[in-house]
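**Student:** Below is a structure I'd like to ask you about.
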Amino acid sequence: MKKWYSLFIILFLAFLLASCGSSNDSKGEDKASDVDEQAGKPDQLVMGFVPSQDSDTIADTVEPLAKRLSKELDIEVKGEVMTNYNALVEAMGANQVHIGFIPAFGYVLANVQYDVEVILKSIRHGSGTYKAQYVVRSDSDIESLKDLEGKVWAYADKGSTSGYLFPAYQMMEEFGYDSGTELESDFFASTTATGAHDNAAISVYEGDADVATTFVDARTELEEEYPDVMKKLKVIGYTDEIPNDTISVTKDLDDELVKKIKETFLSFNDDEEMIKIMNNVYNWDGIDEATDEEYQIVKDTYQKFKDDIEL
């Protein structure tokens with residue numbers, strides 16, 4: 001009798017353990033499903049921006065854009081101003097930012113590292129491309145790129161396509177340097193990252209740097225505070241064409257939500273008020289569809305820097 005009783009207890013305990021394991025597995029699967037669902041359809045969409053000008057200004061400027069998107073998408077949308085392009089890329093990789101307003105180089109990094117997808121690009125002056133410019137003081141003796149040797153170079157950020165990547169690549173090709181580090185240490189007396197294009201131009205205006213590399217024409221952003229900036233600063237050269245900055249999304253966002261985001265932004269082309277807001281944020285005159293293939297030239301250039309630039 002005792003043997004049968006012991007066998008019964010063992011079988012009963014085995015049944016309980018199996019039931020608990022099945023229940024825990026089910027809870028684990030449900031939890032994983034919840035995480036996937038939250039990543040694809042978050043309760044709040046976060047848009048990430050990097051200031052091309054003063055961060056307080058852009059924070060105020062993007063607020064009406066976030067409100068309008070919240071209404072159109074029927075989901076809360078929040079604008080987040082990041083410290084630099086790398087911070088934005090990392091935030092998108094961690095799904096802390098879902099929609100990124102990132103330039104070509106930033107997009108390439110985000111795509112290569114985290115499969116971030118470009119969906120839209122900016123249109124400025126009727127074009128989907130732009131150039132970087134070299135700005136110096138008008139009273140300086142600098143007339144060409146070769147005159148920059150031994151001078152002080154100010155740029156916004158090493159993650160900036162027009163602020164650093166394309167100008168650095170152009171100068172490396174022209175003067176025979178194999179890396180950006182060589183260019184900075186051997187060609188220039190010193191370099192400084194200012195955090196924004198307007199800050200780089202101001203550094204030259206105030207005599208703290210000899211040359212600034214910015215988008216064309218960053219000087220116009222300074223005219224209110226520096227009315228004589230167009231006279232005080234001159235442009236001595238331009239880079240090749242660069243694909244315009246992007247609106248990109250994280251890989252985990254639900255396809256239908258991405259489609260709705262894309263359609264909503266494109267609808268702003270027919271809304272004068274919204275285009276004005278986009279212009280205030282990043283000088284966008286319009287929004288167009290974009291594909292990864294358009295940014296191949298930036299990917300090719302990136303190969304020259306991937307082991308050299310510490311972002």
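Simple scheme: letters A, B, ... for chains in structure tokens order, numbers from 1 for residues in each chain, numbers from 1 for ligands in the order shown.
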DSSP says alpha helix (DSSP H) for which residues of stretch 46-254 of chain A? Put them as a PyMOL selection string?
**Tutor:** chain A and resi 55-73+85-93+104-114+166-175+180-182+197-205+229-232
**Student:** Contacts of stretch 212-220 of chain A at 8 Å or less, counting only C-alpha atoms, minus same-chain residues fewer than 2 places along, as a PyMOL selection string?
**Tutor:** chain A and resi 130-136+153-156+162-164+167+197-198+200-201+203-204+209-210+222-223+229-230+233
**Student:** In Å, how far is it from atom CA of A:Ala290 to atom CA of A:Val112?
**Tutor:** 16.8 Å
**Student:** With only C-alpha atoms as the basis for distance, which of A:Val249, A:Ala59, A:Met172, A:Leu257 is at the shortest distance from A:Lys41?
**Tutor:**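 Looking only at the distances to A:Lys41, the closest residue turns out to be A:Leu257.
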**Student:** Can you work out which one of A:Leu165, A:Ala66, A:Val152, A:Met278 has the shortest atom-to-atom distance to A:Ser179, counting only C-alpha atoms?
**Tutor:**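 Among the listed residues, A:Leu165 lies closest to A:Ser179.
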**Student:** Counting only C-alpha atoms, which residue out of A:Ile58, A:Val50, A:Glu241, A:Asp147 sits closest to A:Met82?
**Tutor:**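 Once distances to A:Met82 are computed over only C-alpha atoms, the minimum belongs to A:Val50.
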**Student:** Would you please give, as a list in words, all residues of stretch 191-261 of chain A that DSSP assigns to strand (DSSP E) based on the backbone?
**Tutor:**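 DSSP-assigned strand (DSSP E) residues in stretch 191-261 of chain A: Thr191, Thr192, Ala193, Val211, Ala212, Thr213, Thr214, Phe215, Leu233, Lys234, Val235, Ile236, Gly237, Tyr238, Ile242, Pro243, Thr246, Ile247, Ser248 and Val249 of chain A.
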**Student:** Using only C-alpha atoms, which of A:Glu221, A:Glu72, A:Glu293, A:Asp245 sits nearest A:Ser122?
**Tutor:**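 When distances to A:Ser122 are compared using only C-alpha atoms, the smallest one comes from A:Asp245.
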**Student:** Please provide the set of residues having any atom within 8 Å of A:Glu63, restricted to only C-alpha atoms, with same-chain residues fewer than 4 positions apart removed, written as a PyMOL selection string.
**Tutor:** chain A and resi 59+67+78-79
**Student:** Looking at only C-alpha atoms, which of A:Glu90, A:Glu272, A:Asp300, A:Glu149 is the one that sits closest to A:Asp115?
**Tutor:**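 Looking only at the distances to A:Asp115, the closest residue turns out to be A:Glu90.
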**Student:** Smallest atom-to-atom distance to A:Pro42: which of A:His98, A:Leu120, A:Thr291, A:Lys71, using only C-alpha atoms?
**Tutor:**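 The closest residue to A:Pro42 is A:His98.
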**Student:** Excluding A:Gly150 and its own-chain neighbours fewer than 3 positions away, which residues fall within 7 Å of it when counting only C-alpha atoms? Please give them as a PDB file with N, CA and C atoms, in the first residue's frame.
**Tutor:**
```pdb
ATOM      1  N   PHE A 187      47.696  68.696 -41.663  1.00  0.00           N
ATOM      2  CA  PHE A 187      47.399  69.807 -42.571  1.00  0.00           C
ATOM      3  C   PHE A 187      46.957  71.051 -41.796  1.00  0.00           C
ATOM      4  N   PHE A 188      46.086  70.850 -40.806  1.00  0.00           N
ATOM      5  CA  PHE A 188      45.577  71.987 -40.019  1.00  0.00           C
ATOM      6  C   PHE A 188      46.396  72.186 -38.742  1.00  0.00           C
ATOM      7  N   ALA A 189      46.422  73.428 -38.279  1.00  0.00           N
ATOM      8  CA  ALA A 189      47.080  73.710 -36.997  1.00  0.00           C
ATOM      9  C   ALA A 189      46.268  73.095 -35.863  1.00  0.00           C
TER      10      ALA A 189
END
```
**Student:** Between atom CA of A:Thr250 and atom CA of A:Ile99, what distance in Å does the model show, to one decimal?
**Tutor:**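 Answer for the atom CA of A:Thr250 to atom CA of A:Ile99 separation: 6.8 Å.
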**Student:** Would you mind listing what lies within 12 Å of A:Thr301 as a list in words, with only C-alpha atoms counted and same-chain residues fewer than 6 positions away left out?
**Tutor:**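 Counting only the stated atoms, we get Ala104, Phe105, Val108, Leu109, Thr161, Tyr164, Leu165, Phe166, Pro167, Ala168, Tyr169, Gln170, Met172, Glu173, Ser179, Gly180, Asp240, Ile242 and Tyr295 of chain A.
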**Student:** For those residues, write C-alpha atoms to a file as a compact mmCIF listing (two decimals), in the first residue's frame.
**Tutor:**
```txt
# COMPACT_ATOMS: atom_id res chain seq x y z
CA ALA A 104 22.92 61.46 -45.11
CA PHE A 105 25.94 60.30 -43.11
CA VAL A 108 24.20 55.57 -43.34
CA LEU A 109 25.51 54.88 -39.82
CA THR A 161 27.70 65.03 -43.76
CA TYR A 164 32.70 67.25 -41.83
CA LEU A 165 32.46 64.10 -43.95
CA PHE A 166 32.34 65.49 -47.50
CA PRO A 167 34.73 68.43 -46.90
CA ALA A 168 37.22 66.14 -45.14
CA TYR A 169 37.04 63.61 -47.96
CA GLN A 170 37.52 66.32 -50.59
CA MET A 172 42.05 64.25 -48.25
CA GLU A 173 41.77 63.54 -51.98
CA SER A 179 42.66 59.52 -43.17
CA GLY A 180 40.75 62.32 -41.52
CA ASP A 240 30.35 67.69 -54.62
CA ILE A 242 25.32 65.48 -51.25
CA TYR A 295 22.59 57.25 -50.37
```
**Student:** Tell me, in Å to one decimal, how far atom CA of A:Gly195 is from atom CA of A:Leu88.
**Tutor:**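 For atom CA of A:Gly195 relative to atom CA of A:Leu88, the distance reads 13.5 Å.
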